[in-house]
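Structure first, then comments.
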Amino acid sequence: MLNYAEDVAGCPLADTAVDITGFRHTPIGDRIVRDHVYAIPGLGTLVIPDDMARAWHAQLKDLGTPIDFPHPDAQTWFLNFERGHIAHGSGSTRAIIGHRYEPVSKIGDCPMTDRPCVVAAERTEDTLAVVWSYPDADAFNVQWWEERGRPRKGVEVAARRYTVRDADPHRTYGFSVEACQKRFLGRSTCTPLVPVVVPAVRSLPGRGFADVGHP
């Protein structure tokens, strides 16, 4: 599993320069993890893990320019480009030409019981709410991202739902949820994060909720 973070850790491995892609690039990393940091016009500072960057370099002319940030989907990380996408998961990295990434996580499909299960996603014209189930927890940590946007910092909620206000129904959103048990004078213990992607929708039934998790 890739460990993407907005704040890049590690030291520069070389000077900032324009590389094969034509964009300004600085390799950042350590002995274990190596990231490629690009300055992409219209997008900003983009951190690409080494495997994804190498796949981009190999298919540069076919893929074109990145149009989003790397995002998680189930056990896969993906990055969309002008003319395709790169997906990394299960120990392999694949460059796919011709279409954008299609989410594989299914709302309500939760084979593991040791973590929350996102059971529904409800949209109105300007909100998006995700609902999950979990037997018992003191609190839940929720992280989310919007298509073509940086991952947001996590928020703590007590309820088993979280609502994004001023959401664009024509954009894809992603959520990661973990359940936590708090300890007196100690650090909380939390389940693994569960990422799920909520695709954009073409139409909404008036102002009523639309459950986009099921056909």
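For the structure tokens, the naming scheme is as follows: chains receive sequential letters (A, B, ...) according to their order of presentation, residues are indexed from 1 within each chain, and ligands are indexed from 1 in presentation order.
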Near range 94-97 of chain A, within 12 Å and counting only C-alpha atoms, which residues show up once chain neighbours fewer than 2 positions away are dropped, as a PDB file with N, CA, C and O atoms, in the first residue's frame?
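What follows is the written file selection.pdb:
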ATOM      1  N   ASP A  51       7.004   4.333  -8.129  1.00  0.00           N
ATOM      2  CA  ASP A  51       6.472   3.373  -9.100  1.00  0.00           C
ATOM      3  C   ASP A  51       5.553   4.047 -10.113  1.00  0.00           C
ATOM      4  O   ASP A  51       5.606   3.757 -11.315  1.00  0.00           O
ATOM      5  N   MET A  52       4.696   4.941  -9.623  1.00  0.00           N
ATOM      6  CA  MET A  52       3.795   5.655 -10.523  1.00  0.00           C
ATOM      7  C   MET A  52       4.562   6.594 -11.446  1.00  0.00           C
ATOM      8  O   MET A  52       4.242   6.727 -12.638  1.00  0.00           O
ATOM      9  N   ALA A  53       5.577   7.278 -10.904  1.00  0.00           N
ATOM     10  CA  ALA A  53       6.362   8.204 -11.721  1.00  0.00           C
ATOM     11  C   ALA A  53       7.081   7.467 -12.844  1.00  0.00           C
ATOM     12  O   ALA A  53       7.131   7.933 -13.986  1.00  0.00           O
ATOM     13  N   ARG A  54       7.644   6.298 -12.534  1.00  0.00           N
ATOM     14  CA  ARG A  54       8.335   5.519 -13.566  1.00  0.00           C
ATOM     15  C   ARG A  54       7.366   5.057 -14.657  1.00  0.00           C
ATOM     16  O   ARG A  54       7.693   5.065 -15.846  1.00  0.00           O
ATOM     17  N   ALA A  55       6.154   4.658 -14.247  1.00  0.00           N
ATOM     18  CA  ALA A  55       5.158   4.241 -15.238  1.00  0.00           C
ATOM     19  C   ALA A  55       4.745   5.420 -16.116  1.00  0.00           C
ATOM     20  O   ALA A  55       4.513   5.256 -17.320  1.00  0.00           O
ATOM     21  N   TRP A  56       4.652   6.610 -15.522  1.00  0.00           N
ATOM     22  CA  TRP A  56       4.337   7.814 -16.301  1.00  0.00           C
ATOM     23  C   TRP A  56       5.440   8.108 -17.303  1.00  0.00           C
ATOM     24  O   TRP A  56       5.182   8.384 -18.475  1.00  0.00           O
ATOM     25  N   HIS A  57       6.699   8.032 -16.871  1.00  0.00           N
ATOM     26  CA  HIS A  57       7.815   8.304 -17.765  1.00  0.00           C
ATOM     27  C   HIS A  57       7.808   7.339 -18.952  1.00  0.00           C
ATOM     28  O   HIS A  57       8.110   7.729 -20.084  1.00  0.00           O
ATOM     29  N   ALA A  58       7.457   6.083 -18.697  1.00  0.00           N
ATOM     30  CA  ALA A  58       7.477   5.069 -19.754  1.00  0.00           C
ATOM     31  C   ALA A  58       6.354   5.277 -20.772  1.00  0.00           C
ATOM     32  O   ALA A  58       6.475   4.853 -21.923  1.00  0.00           O
ATOM     33  N   GLN A  59       5.248   5.897 -20.346  1.00  0.00           N
ATOM     34  CA  GLN A  59       4.089   6.106 -21.233  1.00  0.00           C
ATOM     35  C   GLN A  59       3.754   7.593 -21.345  1.00  0.00           C
ATOM     36  O   GLN A  59       2.598   7.966 -21.483  1.00  0.00           O
ATOM     37  N   LEU A  60       4.781   8.423 -21.311  1.00  0.00           N
ATOM     38  CA  LEU A  60       4.595   9.866 -21.225  1.00  0.00           C
ATOM     39  C   LEU A  60       3.742  10.424 -22.363  1.00  0.00           C
ATOM     40  O   LEU A  60       2.782  11.158 -22.143  1.00  0.00           O
ATOM     41  N   LYS A  61       4.061  10.061 -23.604  1.00  0.00           N
ATOM     42  CA  LYS A  61       3.343  10.616 -24.758  1.00  0.00           C
ATOM     43  C   LYS A  61       1.898  10.147 -24.792  1.00  0.00           C
ATOM     44  O   LYS A  61       1.002  10.888 -25.210  1.00  0.00           O
ATOM     45  N   ASP A  62       1.649   8.914 -24.360  1.00  0.00           N
ATOM     46  CA  ASP A  62       0.291   8.374 -24.408  1.00  0.00           C
ATOM     47  C   ASP A  62      -0.575   8.889 -23.264  1.00  0.00           C
ATOM     48  O   ASP A  62      -1.763   9.148 -23.450  1.00  0.00           O
ATOM     49  N   LEU A  63       0.010   9.045 -22.059  1.00  0.00           N
ATOM     50  CA  LEU A  63      -0.768   9.456 -20.902  1.00  0.00           C
ATOM     51  C   LEU A  63      -1.013  10.956 -20.860  1.00  0.00           C
ATOM     52  O   LEU A  63      -2.076  11.416 -20.448  1.00  0.00           O
ATOM     53  N   GLY A  64      -0.039  11.749 -21.252  1.00  0.00           N
ATOM     54  CA  GLY A  64      -0.165  13.194 -21.142  1.00  0.00           C
ATOM     55  C   GLY A  64       0.122  13.682 -19.742  1.00  0.00           C
ATOM     56  O   GLY A  64       0.904  13.081 -18.985  1.00  0.00           O
ATOM     57  N   THR A  76      -6.173  -0.182  -3.838  1.00  0.00           N
ATOM     58  CA  THR A  76      -5.493   0.399  -5.001  1.00  0.00           C
ATOM     59  C   THR A  76      -5.325   1.904  -4.829  1.00  0.00           C
ATOM     60  O   THR A  76      -6.175   2.569  -4.249  1.00  0.00           O
ATOM     61  N   TRP A  77      -4.186   2.416  -5.314  1.00  0.00           N
ATOM     62  CA  TRP A  77      -4.006   3.852  -5.465  1.00  0.00           C
ATOM     63  C   TRP A  77      -4.037   4.172  -6.952  1.00  0.00           C
ATOM     64  O   TRP A  77      -3.508   3.412  -7.768  1.00  0.00           O
ATOM     65  N   PHE A  78      -4.666   5.288  -7.320  1.00  0.00           N
ATOM     66  CA  PHE A  78      -4.781   5.626  -8.738  1.00  0.00           C
ATOM     67  C   PHE A  78      -4.459   7.092  -8.974  1.00  0.00           C
ATOM     68  O   PHE A  78      -4.587   7.927  -8.087  1.00  0.00           O
ATOM     69  N   LEU A  79      -4.055   7.387 -10.204  1.00  0.00           N
ATOM     70  CA  LEU A  79      -3.732   8.755 -10.618  1.00  0.00           C
ATOM     71  C   LEU A  79      -4.220   8.927 -12.044  1.00  0.00           C
ATOM     72  O   LEU A  79      -3.821   8.172 -12.943  1.00  0.00           O
ATOM     73  N   ASN A  80      -5.110   9.902 -12.262  1.00  0.00           N
ATOM     74  CA  ASN A  80      -5.664  10.155 -13.581  1.00  0.00           C
ATOM     75  C   ASN A  80      -4.819  11.144 -14.374  1.00  0.00           C
ATOM     76  O   ASN A  80      -4.268  12.103 -13.815  1.00  0.00           O
ATOM     77  N   PHE A  81      -4.738  10.900 -15.670  1.00  0.00           N
ATOM     78  CA  PHE A  81      -4.006  11.752 -16.600  1.00  0.00           C
ATOM     79  C   PHE A  81      -4.955  12.216 -17.701  1.00  0.00           C
ATOM     80  O   PHE A  81      -6.112  11.800 -17.759  1.00  0.00           O
ATOM     81  N   GLU A  82      -4.447  13.065 -18.591  1.00  0.00           N
ATOM     82  CA  GLU A  82      -5.267  13.576 -19.686  1.00  0.00           C
ATOM     83  C   GLU A  82      -5.839  12.454 -20.538  1.00  0.00           C
ATOM     84  O   GLU A  82      -6.987  12.504 -20.973  1.00  0.00           O
ATOM     85  N   ARG A  83      -5.040  11.412 -20.781  1.00  0.00           N
ATOM     86  CA  ARG A  83      -5.473  10.369 -21.704  1.00  0.00           C
ATOM     87  C   ARG A  83      -5.364   8.961 -21.103  1.00  0.00           C
ATOM     88  O   ARG A  83      -5.071   7.998 -21.819  1.00  0.00           O
ATOM     89  N   GLY A  84      -5.588   8.836 -19.814  1.00  0.00           N
ATOM     90  CA  GLY A  84      -5.513   7.511 -19.205  1.00  0.00           C
ATOM     91  C   GLY A  84      -5.305   7.612 -17.709  1.00  0.00           C
ATOM     92  O   GLY A  84      -5.567   8.653 -17.095  1.00  0.00           O
ATOM     93  N   HIS A  85      -4.811   6.528 -17.121  1.00  0.00           N
ATOM     94  CA  HIS A  85      -4.559   6.545 -15.676  1.00  0.00           C
ATOM     95  C   HIS A  85      -3.493   5.518 -15.321  1.00  0.00           C
ATOM     96  O   HIS A  85      -3.156   4.629 -16.117  1.00  0.00           O
ATOM     97  N   ILE A  86      -2.962   5.648 -14.116  1.00  0.00           N
ATOM     98  CA  ILE A  86      -2.021   4.678 -13.553  1.00  0.00           C
ATOM     99  C   ILE A  86      -2.630   4.161 -12.258  1.00  0.00           C
ATOM    100  O   ILE A  86      -3.145   4.933 -11.444  1.00  0.00           O
ATOM    101  N   ALA A  87      -2.600   2.837 -12.080  1.00  0.00           N
ATOM    102  CA  ALA A  87      -3.119   2.209 -10.869  1.00  0.00           C
ATOM    103  C   ALA A  87      -2.025   1.377 -10.232  1.00  0.00           C
ATOM    104  O   ALA A  87      -1.273   0.681 -10.929  1.00  0.00           O
ATOM    105  N   HIS A  88      -1.924   1.445  -8.899  1.00  0.00           N
ATOM    106  CA  HIS A  88      -0.934   0.666  -8.169  1.00  0.00           C
ATOM    107  C   HIS A  88      -1.645  -0.121  -7.077  1.00  0.00           C
ATOM    108  O   HIS A  88      -2.361   0.442  -6.253  1.00  0.00           O
ATOM    109  N   GLY A  89      -1.443  -1.434  -7.087  1.00  0.00           N
ATOM    110  CA  GLY A  89      -2.046  -2.275  -6.061  1.00  0.00           C
ATOM    111  C   GLY A  89      -1.623  -3.714  -6.239  1.00  0.00           C
ATOM    112  O   GLY A  89      -1.247  -4.152  -7.341  1.00  0.00           O
ATOM    113  N   SER A  90      -1.645  -4.470  -5.138  1.00  0.00           N
ATOM    114  CA  SER A  90      -1.273  -5.893  -5.156  1.00  0.00           C
ATOM    115  C   SER A  90       0.132  -6.092  -5.713  1.00  0.00           C
ATOM    116  O   SER A  90       0.400  -7.069  -6.439  1.00  0.00           O
ATOM    117  N   GLY A  91       1.016  -5.136  -5.417  1.00  0.00           N
ATOM    118  CA  GLY A  91       2.406  -5.280  -5.818  1.00  0.00           C
ATOM    119  C   GLY A  91       2.715  -4.954  -7.263  1.00  0.00           C
ATOM    120  O   GLY A  91       3.843  -5.173  -7.721  1.00  0.00           O
ATOM    121  N   SER A  92       1.755  -4.430  -8.011  1.00  0.00           N
ATOM    122  CA  SER A  92       1.994  -4.102  -9.418  1.00  0.00           C
ATOM    123  C   SER A  92       1.513  -2.693  -9.726  1.00  0.00           C
ATOM    124  O   SER A  92       0.619  -2.160  -9.060  1.00  0.00           O
ATOM    125  N   HIS A  99      -8.730   5.702 -21.009  1.00  0.00           N
ATOM    126  CA  HIS A  99      -9.870   6.056 -20.165  1.00  0.00           C
ATOM    127  C   HIS A  99      -9.421   6.321 -18.742  1.00  0.00           C
ATOM    128  O   HIS A  99      -8.393   5.821 -18.289  1.00  0.00           O
ATOM    129  N   ARG A 100     -10.208   7.096 -18.029  1.00  0.00           N
ATOM    130  CA  ARG A 100      -9.921   7.437 -16.646  1.00  0.00           C
ATOM    131  C   ARG A 100     -10.181   6.237 -15.734  1.00  0.00           C
ATOM    132  O   ARG A 100     -10.856   5.286 -16.112  1.00  0.00           O
ATOM    133  N   TYR A 101      -9.680   6.329 -14.524  1.00  0.00           N
ATOM    134  CA  TYR A 101      -9.833   5.238 -13.563  1.00  0.00           C
ATOM    135  C   TYR A 101     -11.301   5.068 -13.164  1.00  0.00           C
ATOM    136  O   TYR A 101     -12.013   6.039 -12.935  1.00  0.00           O
ATOM    137  N   GLU A 102     -11.741   3.820 -13.081  1.00  0.00           N
ATOM    138  CA  GLU A 102     -13.091   3.503 -12.630  1.00  0.00           C
ATOM    139  C   GLU A 102     -13.001   2.839 -11.259  1.00  0.00           C
ATOM    140  O   GLU A 102     -12.310   1.825 -11.104  1.00  0.00           O
TER     141      GLU A 102
END
Extract, using only C-alpha atoms, all DNA, RNA and protein residues at most 6 Å from range 151-156 of chain A, discarding same-chain residues fewer than 6 positions from it, and format them as a ChimeraX atom specification.
/A:140-145
Shell around Val47 in chain A at 7 Å using only C-alpha atoms, local window under 5 positions removed, as a ChimeraX atom specification
/A:35-38
Limited to all heavy atoms, could you put the picked residues into a file as a CSV table (one decimal), in the first residue's frame?
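part-v3.csv, freshly written:
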chain,number,residue,atom,x,y,z
A,35,ASP,N,9.7,9.6,-3.4
A,35,ASP,CA,8.6,10.3,-4.0
A,35,ASP,C,9.2,11.2,-5.1
A,35,ASP,O,10.3,11.7,-5.0
A,35,ASP,CB,7.8,11.1,-3.0
A,35,ASP,CG,7.0,10.2,-2.1
A,35,ASP,OD1,6.5,9.2,-2.5
A,35,ASP,OD2,7.0,10.5,-0.9
A,36,HIS,N,8.4,11.5,-6.1
A,36,HIS,CA,8.7,12.5,-7.1
A,36,HIS,C,7.8,13.7,-6.9
A,36,HIS,O,6.5,13.5,-6.9
A,36,HIS,CB,8.6,11.9,-8.5
A,36,HIS,CG,9.5,10.8,-8.8
A,36,HIS,ND1,10.4,10.9,-9.8
A,36,HIS,CD2,9.7,9.6,-8.2
A,36,HIS,CE1,11.1,9.7,-9.8
A,36,HIS,NE2,10.7,9.0,-8.8
A,37,VAL,N,8.3,14.9,-6.7
A,37,VAL,CA,7.5,16.1,-6.5
A,37,VAL,C,7.5,17.0,-7.7
A,37,VAL,O,8.6,17.4,-8.1
A,37,VAL,CB,8.0,16.8,-5.2
A,37,VAL,CG1,7.1,18.0,-4.9
A,37,VAL,CG2,8.1,15.9,-4.0
A,38,TYR,N,6.4,17.2,-8.3
A,38,TYR,CA,6.3,18.0,-9.5
A,38,TYR,C,5.5,19.3,-9.3
A,38,TYR,O,4.6,19.3,-8.5
A,38,TYR,CB,5.6,17.2,-10.6
A,38,TYR,CG,6.4,16.1,-11.2
A,38,TYR,CD1,6.4,14.8,-10.7
A,38,TYR,CD2,7.3,16.4,-12.3
A,38,TYR,CE1,7.1,13.8,-11.3
A,38,TYR,CE2,8.0,15.4,-12.8
A,38,TYR,CZ,8.0,14.1,-12.3
A,38,TYR,OH,8.7,13.1,-12.9
Give me, as a list of chain:residue names, the residues of range 34-191 of chain A that a backbone DSSP run labels alpha helix (DSSP H).
A:Asp50, A:Asp51, A:Met52, A:Ala53, A:Arg54, A:Ala55, A:Trp56, A:His57, A:Ala58, A:Leu60, A:Lys61, A:Asp62, A:Leu63
If you run DSSP on the backbone here, which positions in chain A get strand (DSSP E)? Please write them as an MDAnalysis selection string.
chainID A and resid 11:12 17:18 24:29 34:40 44:49 71:73 76:81 84:89 92:97 117:123 127:133 139:146 155:157 161:165 173:183 186:190 194:198 210:211
Which value, in Å to one decimal, gives the distance between CA of Ala137 in chain A and CA of Arg150 in chain A?
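Separation between CA of Ala137 in chain A and CA of Arg150 in chain A: 28.1 Å.
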Nearest to Asp114 in chain A, restricted to only C-alpha atoms and choosing among A:Thr45, A:Thr191, A:Thr172, A:Thr93, comes out as A:Thr191
Surrounding residues of range 160-169 of chain A excluding itself and chain neighbours under 2 positions, 7 Å, only C-alpha atoms, as an MDAnalysis selection string:
chainID A and resid 125:133 158 171 200:201
File of the preceding selection, C-alpha atoms, as a PDB file, in the first residue's frame:
ATOM      1  CA  GLU A 125     -27.884  19.131  -5.199  1.00  0.00           C
ATOM      2  CA  ASP A 126     -25.261  20.528  -2.832  1.00  0.00           C
ATOM      3  CA  THR A 127     -24.429  17.873  -0.196  1.00  0.00           C
ATOM      4  CA  LEU A 128     -22.892  14.422  -0.036  1.00  0.00           C
ATOM      5  CA  ALA A 129     -23.353  12.231   3.043  1.00  0.00           C
ATOM      6  CA  VAL A 130     -21.678   8.886   3.703  1.00  0.00           C
ATOM      7  CA  VAL A 131     -23.145   6.428   6.199  1.00  0.00           C
ATOM      8  CA  TRP A 132     -21.283   3.526   7.790  1.00  0.00           C
ATOM      9  CA  SER A 133     -21.863   0.749  10.292  1.00  0.00           C
ATOM     10  CA  ALA A 158     -19.330  10.691  17.019  1.00  0.00           C
ATOM     11  CA  ARG A 171     -17.401  15.396  -9.145  1.00  0.00           C
ATOM     12  CA  ALA A 200     -20.098  11.547  -9.782  1.00  0.00           C
ATOM     13  CA  VAL A 201     -23.755  11.390 -10.797  1.00  0.00           C
TER      14      VAL A 201
END
Any idea what's packed within 10 Å of Cys117 in chain A, counting only C-alpha atoms, ignoring anything in its chain fewer than 4 positions away? Could you give it as a VMD selection string?
chain A and resid 107 to 113 131 to 134 177 to 178 194 to 196
Expected file contents, prior selection, N, CA and C atoms, as a compact mmCIF listing (two decimals), in the first residue's frame:
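That gives us part34.txt:
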# COMPACT_ATOMS: atom_id res chain seq x y z
N ILE A 107 -19.92 0.33 -2.38
CA ILE A 107 -20.55 0.70 -1.13
C ILE A 107 -21.41 -0.45 -0.64
N GLY A 108 -21.20 -0.84 0.61
CA GLY A 108 -21.95 -1.96 1.19
C GLY A 108 -21.27 -3.30 1.02
N ASP A 109 -20.21 -3.37 0.22
CA ASP A 109 -19.45 -4.61 0.04
C ASP A 109 -18.26 -4.57 0.99
N CYS A 110 -18.41 -5.20 2.14
CA CYS A 110 -17.40 -5.10 3.20
C CYS A 110 -17.04 -6.50 3.70
N PRO A 111 -16.04 -7.14 3.13
CA PRO A 111 -15.69 -8.50 3.54
C PRO A 111 -15.02 -8.59 4.91
N MET A 112 -14.45 -7.50 5.41
CA MET A 112 -13.74 -7.52 6.69
C MET A 112 -14.59 -6.87 7.77
N THR A 113 -14.72 -7.55 8.91
CA THR A 113 -15.58 -7.07 9.99
C THR A 113 -14.82 -6.32 11.07
N VAL A 131 -22.62 7.09 5.01
CA VAL A 131 -23.14 6.43 6.20
C VAL A 131 -22.42 5.10 6.35
N TRP A 132 -22.00 4.78 7.58
CA TRP A 132 -21.28 3.53 7.79
C TRP A 132 -21.82 2.81 9.02
N SER A 133 -21.48 1.54 9.13
CA SER A 133 -21.86 0.75 10.29
C SER A 133 -20.61 0.23 10.99
N TYR A 134 -20.71 0.08 12.30
CA TYR A 134 -19.65 -0.51 13.12
C TYR A 134 -20.24 -0.76 14.49
N VAL A 177 -12.59 5.96 6.47
CA VAL A 177 -13.17 5.99 7.81
C VAL A 177 -12.48 4.96 8.69
N GLU A 178 -12.16 5.35 9.93
CA GLU A 178 -11.64 4.41 10.92
C GLU A 178 -12.38 4.60 12.24
N VAL A 194 -10.75 2.59 6.09
CA VAL A 194 -11.49 1.95 5.00
C VAL A 194 -11.77 2.98 3.92
N PRO A 195 -11.09 2.91 2.76
CA PRO A 195 -11.34 3.89 1.70
C PRO A 195 -12.46 3.43 0.76
N VAL A 196 -13.29 4.37 0.36
CA VAL A 196 -14.34 4.09 -0.61
C VAL A 196 -14.49 5.31 -1.51
